[in-house]
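One structure is given here, and the rest of the page talks about it.
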Amino acid sequence: MIIKARHHWFYYPFFKVYSRWMPSKDFKEVRIHSDLSDKGLPLMMLGNHFSWWDGFIAQHINIRLFGRKMHIMMLEEQLEKRMFLNKTGAFSIKKGARSAIESINYSAEILKNPENLLVLFPQGKIHSMNDHHPVFEKGWYKIFRNLNAPIQVIFVICLVDYFSSRKPYLDIYLYDYPYEGKSLEDMNRDFNTRLADSINYQKTLA
């Protein structure tokens with residue numbers, strides 16, 4: 001049995017308030033670089049998994065741009081250590097277990113509702129932000145086989161730089177991704193291309 005997401009009446013609103021406020025406290029500035037538009041479809045965010053901040057950053061983006069009900073997939077062993085996150089929309093997946101199929105089916109159910117946002121980190125675990133060629137795990141991709149209606153897929157790439165400031169800048173790059181007909185390998189390659197584009201643009205901000 002998987003651990004399904006809950007949106008507790010107190011913890012989820014608190015998580016949203018925290019996600020809106022804390023980045024502006026810990027970072028010099030949070031800058032979102034995007035020209036995408038909300039298509040009114042269920043949303044899937046695919047991001048580089050570089051920090052403890054990642055879930056909060058995803059909610060920060062959601063609050064500023066989309067206003068969806070956020071769900072986030074976490075490794076079961078990690079979620080069990082931080083079960084309070086289940087009350088803020090986190091649910092579990094266990095790699096190599098039979099229950100992983102249930103997690104995939106549950107994800108597809110989430111993506112039937114246009115009021116929902118599903119956040120995934122295809123690398124599967126935290127990697128250094130200096131990993132410029134992240135490799136996607138395989139299992140999560142099966143979600144696309146279970147979809148029976150269109151969704152909007154967004155690549156999220158987060159980069160941190162100090163420049164001449166005491167506190168770092170958080171730059172968030174968002175890209176609308178036409179996922180139809182794309183293989184896992186295609187998506188991984190295209191994500192890395194967008195990551196390279198983001199890094200090159202980041203260099204111009206110094």
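The chains in the structure tokens are called A, B, ... from first to last as shown; in each chain the residues are counted from 1, and the ligands are counted from 1 in the order shown.
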* Based on DSSP run over this structure's backbone, return all residues of stretch 5-204 of chain A in strand (DSSP E), as number ranges by chain. => A: 29-33, 43-47, 69-75, 90-93, 116-120, 152-161, 169-177
* Residues near stretch 94-105 of chain A, cut-off 6 Å, only C-alpha atoms, skip fewer than 3 positions along chain, as a ChimeraX atom specification -> /A:1,75-76,108,143
Would you mind exporting the chosen residues as a PDB file, in the first residue's frame, restricted to N, CA and C atoms?
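Writing done, so here's out.pdb:
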ATOM      1  N   MET A   1       0.839  -1.204   0.000  1.00  0.00           N
ATOM      2  CA  MET A   1       0.000   0.000   0.000  1.00  0.00           C
ATOM      3  C   MET A   1       0.872   1.251   0.000  1.00  0.00           C
ATOM      4  N   LEU A  75      10.200   9.368  -2.459  1.00  0.00           N
ATOM      5  CA  LEU A  75      10.588   7.994  -2.135  1.00  0.00           C
ATOM      6  C   LEU A  75       9.998   7.613  -0.780  1.00  0.00           C
ATOM      7  N   GLU A  76       9.474   6.397  -0.701  1.00  0.00           N
ATOM      8  CA  GLU A  76       8.772   5.973   0.510  1.00  0.00           C
ATOM      9  C   GLU A  76       9.658   6.069   1.744  1.00  0.00           C
ATOM     10  N   ALA A 108      -1.568   9.125 -12.123  1.00  0.00           N
ATOM     11  CA  ALA A 108      -2.437   9.345 -13.283  1.00  0.00           C
ATOM     12  C   ALA A 108      -3.815   9.836 -12.848  1.00  0.00           C
ATOM     13  N   ILE A 143       3.653   6.866 -16.075  1.00  0.00           N
ATOM     14  CA  ILE A 143       2.470   7.700 -15.853  1.00  0.00           C
ATOM     15  C   ILE A 143       1.843   8.099 -17.188  1.00  0.00           C
TER      16      ILE A 143
END
* as a list in words, which residues of stretch 127-161 of chain A does DSSP assign to helix (DSSP H, G or I)? -> Gly139, Trp140, Tyr141, Lys142, Ile143, Phe144, Arg145 and Asn146 of chain A
Tell me, counting only C-alpha atoms, for each residue of stretch 91-189 of chain A within 12 Å of stretch 33-37 of chain A, which pair of atoms is nearest and how far apart they are in Å to one decimal, in rows ordered by chain and increasing number, as a tab-separated table.
residue	atom	partner	partner_atom	distance
A:Gln152	CA	A:Ser37	CA	10.0
A:Val153	CA	A:Leu36	CA	10.8
A:Ile154	CA	A:Leu36	CA	8.9
A:Phe155	CA	A:Ser34	CA	10.6
A:Val156	CA	A:Ser34	CA	9.9
A:Ile157	CA	A:His33	CA	9.8
A:Cys158	CA	A:His33	CA	10.2
A:Leu159	CA	A:His33	CA	11.2
A:Leu170	CA	A:His33	CA	10.7
A:Asp171	CA	A:His33	CA	7.3
A:Ile172	CA	A:His33	CA	6.0
A:Tyr173	CA	A:His33	CA	4.8
A:Leu174	CA	A:Ser34	CA	5.2
A:Tyr175	CA	A:Leu36	CA	6.7
A:Asp176	CA	A:Leu36	CA	6.0
A:Tyr177	CA	A:Leu36	CA	9.7
A:Pro178	CA	A:Leu36	CA	12.0
Store the residues picked out above, limited to N, CA and C atoms, as a PDB file, in the first residue's frame.
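Listed below is the output, again-v8.pdb:
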ATOM      1  N   GLN A 152      -0.518  19.487 -19.068  1.00  0.00           N
ATOM      2  CA  GLN A 152       0.557  20.428 -19.391  1.00  0.00           C
ATOM      3  C   GLN A 152       1.795  20.027 -18.606  1.00  0.00           C
ATOM      4  N   VAL A 153       2.890  19.811 -19.305  1.00  0.00           N
ATOM      5  CA  VAL A 153       4.154  19.428 -18.674  1.00  0.00           C
ATOM      6  C   VAL A 153       5.096  20.630 -18.690  1.00  0.00           C
ATOM      7  N   ILE A 154       5.697  20.896 -17.546  1.00  0.00           N
ATOM      8  CA  ILE A 154       6.587  22.043 -17.398  1.00  0.00           C
ATOM      9  C   ILE A 154       7.928  21.577 -16.839  1.00  0.00           C
ATOM     10  N   PHE A 155       8.996  21.930 -17.523  1.00  0.00           N
ATOM     11  CA  PHE A 155      10.340  21.711 -16.987  1.00  0.00           C
ATOM     12  C   PHE A 155      10.659  22.861 -16.028  1.00  0.00           C
ATOM     13  N   VAL A 156      11.177  22.508 -14.854  1.00  0.00           N
ATOM     14  CA  VAL A 156      11.575  23.501 -13.853  1.00  0.00           C
ATOM     15  C   VAL A 156      13.066  23.330 -13.575  1.00  0.00           C
ATOM     16  N   ILE A 157      13.827  24.371 -13.833  1.00  0.00           N
ATOM     17  CA  ILE A 157      15.270  24.327 -13.600  1.00  0.00           C
ATOM     18  C   ILE A 157      15.641  25.457 -12.640  1.00  0.00           C
ATOM     19  N   CYS A 158      16.225  25.078 -11.509  1.00  0.00           N
ATOM     20  CA  CYS A 158      16.589  26.049 -10.470  1.00  0.00           C
ATOM     21  C   CYS A 158      18.109  26.176 -10.400  1.00  0.00           C
ATOM     22  N   LEU A 159      18.571  27.411 -10.400  1.00  0.00           N
ATOM     23  CA  LEU A 159      19.994  27.709 -10.302  1.00  0.00           C
ATOM     24  C   LEU A 159      20.215  28.744  -9.210  1.00  0.00           C
ATOM     25  N   LEU A 170      18.061  33.057  -6.219  1.00  0.00           N
ATOM     26  CA  LEU A 170      17.468  31.832  -6.754  1.00  0.00           C
ATOM     27  C   LEU A 170      16.807  32.186  -8.077  1.00  0.00           C
ATOM     28  N   ASP A 171      17.320  31.622  -9.147  1.00  0.00           N
ATOM     29  CA  ASP A 171      16.734  31.834 -10.469  1.00  0.00           C
ATOM     30  C   ASP A 171      16.024  30.563 -10.909  1.00  0.00           C
ATOM     31  N   ILE A 172      14.762  30.715 -11.275  1.00  0.00           N
ATOM     32  CA  ILE A 172      13.913  29.591 -11.650  1.00  0.00           C
ATOM     33  C   ILE A 172      13.528  29.754 -13.118  1.00  0.00           C
ATOM     34  N   TYR A 173      13.855  28.753 -13.917  1.00  0.00           N
ATOM     35  CA  TYR A 173      13.558  28.770 -15.343  1.00  0.00           C
ATOM     36  C   TYR A 173      12.452  27.755 -15.630  1.00  0.00           C
ATOM     37  N   LEU A 174      11.388  28.218 -16.259  1.00  0.00           N
ATOM     38  CA  LEU A 174      10.244  27.368 -16.575  1.00  0.00           C
ATOM     39  C   LEU A 174      10.098  27.243 -18.087  1.00  0.00           C
ATOM     40  N   TYR A 175       9.872  26.013 -18.544  1.00  0.00           N
ATOM     41  CA  TYR A 175       9.715  25.755 -19.972  1.00  0.00           C
ATOM     42  C   TYR A 175       8.505  24.857 -20.202  1.00  0.00           C
ATOM     43  N   ASP A 176       7.620  25.292 -21.079  1.00  0.00           N
ATOM     44  CA  ASP A 176       6.506  24.456 -21.499  1.00  0.00           C
ATOM     45  C   ASP A 176       7.070  23.331 -22.367  1.00  0.00           C
ATOM     46  N   TYR A 177       6.672  22.092 -22.099  1.00  0.00           N
ATOM     47  CA  TYR A 177       7.275  20.970 -22.823  1.00  0.00           C
ATOM     48  C   TYR A 177       6.212  20.160 -23.557  1.00  0.00           C
ATOM     49  N   PRO A 178       6.297  20.058 -24.889  1.00  0.00           N
ATOM     50  CA  PRO A 178       5.363  19.241 -25.666  1.00  0.00           C
ATOM     51  C   PRO A 178       5.716  17.760 -25.545  1.00  0.00           C
TER      52      PRO A 178
END
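Going from atom CA of A:Ser165 to atom CA of A:Ala206 covers 10.7 Å.
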* Selection: 10 Å around A:Glu137, only C-alpha atoms, excl. self and same-chain fewer than 3 positions, as JSON, numbers by chain -> {"A": [95, 121, 122, 123, 124, 125, 134, 140, 141, 184, 188]}
Include N, CA and C atoms and write out the residues we just selected as a compact mmCIF listing (two decimals), in the first residue's frame.
# COMPACT_ATOMS: atom_id res chain seq x y z
N LYS A 95 10.74 2.23 -5.16
CA LYS A 95 11.34 1.66 -6.36
C LYS A 95 11.52 0.15 -6.23
N PHE A 121 10.57 14.68 -9.44
CA PHE A 121 12.00 14.92 -9.66
C PHE A 121 12.56 13.65 -10.31
N PRO A 122 12.64 13.64 -11.65
CA PRO A 122 12.96 12.39 -12.36
C PRO A 122 14.30 11.78 -12.04
N GLN A 123 15.23 12.56 -11.44
CA GLN A 123 16.52 11.98 -11.05
C GLN A 123 16.37 11.00 -9.89
N GLY A 124 15.26 11.11 -9.15
CA GLY A 124 14.97 10.16 -8.09
C GLY A 124 15.57 10.51 -6.74
N LYS A 125 16.65 11.25 -6.71
CA LYS A 125 17.26 11.66 -5.45
C LYS A 125 18.03 12.95 -5.68
N PRO A 134 21.84 15.52 -15.79
CA PRO A 134 21.09 14.60 -14.94
C PRO A 134 20.50 13.45 -15.74
N TRP A 140 8.85 6.32 -13.24
CA TRP A 140 7.84 7.37 -13.23
C TRP A 140 7.25 7.63 -14.61
N TYR A 141 8.02 7.36 -15.67
CA TYR A 141 7.58 7.66 -17.04
C TYR A 141 6.32 6.89 -17.43
N LEU A 184 11.19 8.47 -22.94
CA LEU A 184 11.93 8.89 -21.75
C LEU A 184 13.27 9.47 -22.14
N ASN A 188 14.64 13.22 -21.35
CA ASN A 188 15.89 13.43 -20.62
C ASN A 188 16.83 14.32 -21.42
Can you list, as a PDB file with N, CA and C atoms, in the first residue's frame, every protein, DNA or RNA residue that comes within 9 Å of stretch 16-32 of chain A when you count only C-alpha atoms, leaving out same-chain residues fewer than 6 positions away?
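Wrote part_18.pdb, looks like this:
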ATOM      1  N   TRP A  53      15.285  22.421  -0.499  1.00  0.00           N
ATOM      2  CA  TRP A  53      14.301  23.446  -0.821  1.00  0.00           C
ATOM      3  C   TRP A  53      13.282  23.023  -1.874  1.00  0.00           C
ATOM      4  N   GLY A  55      10.760  21.039  -2.753  1.00  0.00           N
ATOM      5  CA  GLY A  55       9.307  21.009  -2.601  1.00  0.00           C
ATOM      6  C   GLY A  55       8.742  22.384  -2.308  1.00  0.00           C
ATOM      7  N   PHE A  56       9.453  23.157  -1.482  1.00  0.00           N
ATOM      8  CA  PHE A  56       9.004  24.512  -1.155  1.00  0.00           C
ATOM      9  C   PHE A  56       9.077  25.417  -2.379  1.00  0.00           C
ATOM     10  N   ILE A  57      10.128  25.238  -3.188  1.00  0.00           N
ATOM     11  CA  ILE A  57      10.253  26.030  -4.410  1.00  0.00           C
ATOM     12  C   ILE A  57       9.100  25.724  -5.360  1.00  0.00           C
ATOM     13  N   ALA A  58       8.768  24.440  -5.494  1.00  0.00           N
ATOM     14  CA  ALA A  58       7.657  24.060  -6.372  1.00  0.00           C
ATOM     15  C   ALA A  58       6.356  24.719  -5.914  1.00  0.00           C
ATOM     16  N   GLN A  59       6.125  24.733  -4.600  1.00  0.00           N
ATOM     17  CA  GLN A  59       4.912  25.374  -4.096  1.00  0.00           C
ATOM     18  C   GLN A  59       4.979  26.884  -4.281  1.00  0.00           C
ATOM     19  N   HIS A  60       6.162  27.453  -4.139  1.00  0.00           N
ATOM     20  CA  HIS A  60       6.338  28.892  -4.364  1.00  0.00           C
ATOM     21  C   HIS A  60       5.951  29.255  -5.800  1.00  0.00           C
ATOM     22  N   ILE A  61       6.423  28.470  -6.753  1.00  0.00           N
ATOM     23  CA  ILE A  61       6.057  28.678  -8.160  1.00  0.00           C
ATOM     24  C   ILE A  61       4.549  28.543  -8.339  1.00  0.00           C
ATOM     25  N   ILE A  63       2.129  28.963  -6.194  1.00  0.00           N
ATOM     26  CA  ILE A  63       1.393  30.084  -5.608  1.00  0.00           C
ATOM     27  C   ILE A  63       1.476  31.314  -6.507  1.00  0.00           C
ATOM     28  N   ARG A  64       2.656  31.570  -7.034  1.00  0.00           N
ATOM     29  CA  ARG A  64       2.847  32.785  -7.834  1.00  0.00           C
ATOM     30  C   ARG A  64       2.204  32.697  -9.213  1.00  0.00           C
ATOM     31  N   THR A  88       0.969  17.713   3.637  1.00  0.00           N
ATOM     32  CA  THR A  88       1.089  18.867   2.748  1.00  0.00           C
ATOM     33  C   THR A  88       1.027  18.447   1.281  1.00  0.00           C
ATOM     34  N   TYR A 162      25.504  33.637  -6.068  1.00  0.00           N
ATOM     35  CA  TYR A 162      25.655  34.739  -5.119  1.00  0.00           C
ATOM     36  C   TYR A 162      25.945  36.058  -5.817  1.00  0.00           C
ATOM     37  N   SER A 165      26.366  39.475  -3.809  1.00  0.00           N
ATOM     38  CA  SER A 165      25.467  39.588  -2.661  1.00  0.00           C
ATOM     39  C   SER A 165      25.881  38.639  -1.539  1.00  0.00           C
ATOM     40  N   ARG A 166      25.546  39.013  -0.314  1.00  0.00           N
ATOM     41  CA  ARG A 166      25.802  38.125   0.839  1.00  0.00           C
ATOM     42  C   ARG A 166      24.893  36.911   0.789  1.00  0.00           C
ATOM     43  N   LYS A 167      23.656  37.106   0.354  1.00  0.00           N
ATOM     44  CA  LYS A 167      22.706  36.002   0.226  1.00  0.00           C
ATOM     45  C   LYS A 167      22.565  35.635  -1.254  1.00  0.00           C
ATOM     46  N   PRO A 168      22.283  34.376  -1.538  1.00  0.00           N
ATOM     47  CA  PRO A 168      22.223  33.955  -2.940  1.00  0.00           C
ATOM     48  C   PRO A 168      20.928  34.371  -3.630  1.00  0.00           C
ATOM     49  N   TYR A 169      21.013  34.471  -4.939  1.00  0.00           N
ATOM     50  CA  TYR A 169      19.841  34.627  -5.788  1.00  0.00           C
ATOM     51  C   TYR A 169      19.361  33.234  -6.196  1.00  0.00           C
ATOM     52  N   LEU A 170      18.061  33.057  -6.219  1.00  0.00           N
ATOM     53  CA  LEU A 170      17.468  31.832  -6.754  1.00  0.00           C
ATOM     54  C   LEU A 170      16.807  32.186  -8.077  1.00  0.00           C
ATOM     55  N   ASP A 171      17.320  31.622  -9.147  1.00  0.00           N
ATOM     56  CA  ASP A 171      16.734  31.834 -10.469  1.00  0.00           C
ATOM     57  C   ASP A 171      16.024  30.563 -10.909  1.00  0.00           C
ATOM     58  N   ILE A 172      14.762  30.715 -11.275  1.00  0.00           N
ATOM     59  CA  ILE A 172      13.913  29.591 -11.650  1.00  0.00           C
ATOM     60  C   ILE A 172      13.528  29.754 -13.118  1.00  0.00           C
ATOM     61  N   TYR A 173      13.855  28.753 -13.917  1.00  0.00           N
ATOM     62  CA  TYR A 173      13.558  28.770 -15.343  1.00  0.00           C
ATOM     63  C   TYR A 173      12.452  27.755 -15.630  1.00  0.00           C
ATOM     64  N   LEU A 174      11.388  28.218 -16.259  1.00  0.00           N
ATOM     65  CA  LEU A 174      10.244  27.368 -16.575  1.00  0.00           C
ATOM     66  C   LEU A 174      10.098  27.243 -18.087  1.00  0.00           C
TER      67      LEU A 174
END
* To do: Choose the residue, out of A:Phe14, A:Met129, A:Arg68, A:Ser183, that has the smallest atom-to-atom separation from A:Lys142; count only C-alpha atoms.
  =>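 The shortest atom-to-atom distance to A:Lys142 comes from A:Ser183.
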* Structure fact -> Using only C-alpha atoms, the residue out of A:Arg145, A:Asp186, A:Ser128, A:His8 with shortest distance to A:Trp52 is A:Ser128
* Smallest atom-to-atom distance to A:Phe136: which of A:Lys39, A:Arg189, A:Lys69, A:Lys112, using only C-alpha atoms? ->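 Among the listed residues, the smallest separation from A:Phe136 belongs to A:Arg189.
Between atom CA of A:Thr204 and atom CA of A:Met44 there is a distance of 29.0 Å.
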* With only C-alpha atoms as the atoms that count, which of A:Pro150, A:Glu80, A:Ser92, A:Pro13 lies nearest to A:Gly40? ->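 For A:Gly40, the nearest of the candidates is A:Pro150.
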* Determine, counting only C-alpha atoms, which protein, DNA and RNA residues have an atom within 9 Å of an atom of A:Leu195; residues of the same chain fewer than 4 positions away are not included. Present the result as a list of chain:residue names. =>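 These residues fall inside the cut-off: A:Asn48, A:His132, A:His133, A:Ile157, A:Cys158, A:Tyr173, A:Asp190, A:Phe191, A:Ile199, A:Asn200.
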File of the preceding selection, N, CA and C atoms, as a compact mmCIF listing (two decimals), in the first residue's frame:
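As a result, out_36.txt now contains:
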# COMPACT_ATOMS: atom_id res chain seq x y z
N ASN A 48 14.88 19.72 -11.63
CA ASN A 48 16.17 19.20 -11.17
C ASN A 48 16.15 19.15 -9.64
N HIS A 132 25.38 18.74 -14.60
CA HIS A 132 24.78 19.40 -15.75
C HIS A 132 24.19 18.41 -16.76
N HIS A 133 24.23 17.12 -16.43
CA HIS A 133 23.66 16.11 -17.31
C HIS A 133 22.89 15.08 -16.47
N ILE A 157 13.83 24.37 -13.83
CA ILE A 157 15.27 24.33 -13.60
C ILE A 157 15.64 25.46 -12.64
N CYS A 158 16.23 25.08 -11.51
CA CYS A 158 16.59 26.05 -10.47
C CYS A 158 18.11 26.18 -10.40
N TYR A 173 13.85 28.75 -13.92
CA TYR A 173 13.56 28.77 -15.34
C TYR A 173 12.45 27.75 -15.63
N ASP A 190 16.00 16.47 -23.82
CA ASP A 190 15.44 17.81 -23.95
C ASP A 190 15.56 18.60 -22.64
N PHE A 191 15.42 17.90 -21.51
CA PHE A 191 15.60 18.56 -20.22
C PHE A 191 17.04 19.07 -20.08
N ILE A 199 21.71 27.65 -17.91
CA ILE A 199 23.05 27.96 -17.39
C ILE A 199 23.70 29.06 -18.24
N ASN A 200 23.55 28.97 -19.56
CA ASN A 200 24.14 29.99 -20.43
C ASN A 200 23.51 31.35 -20.18
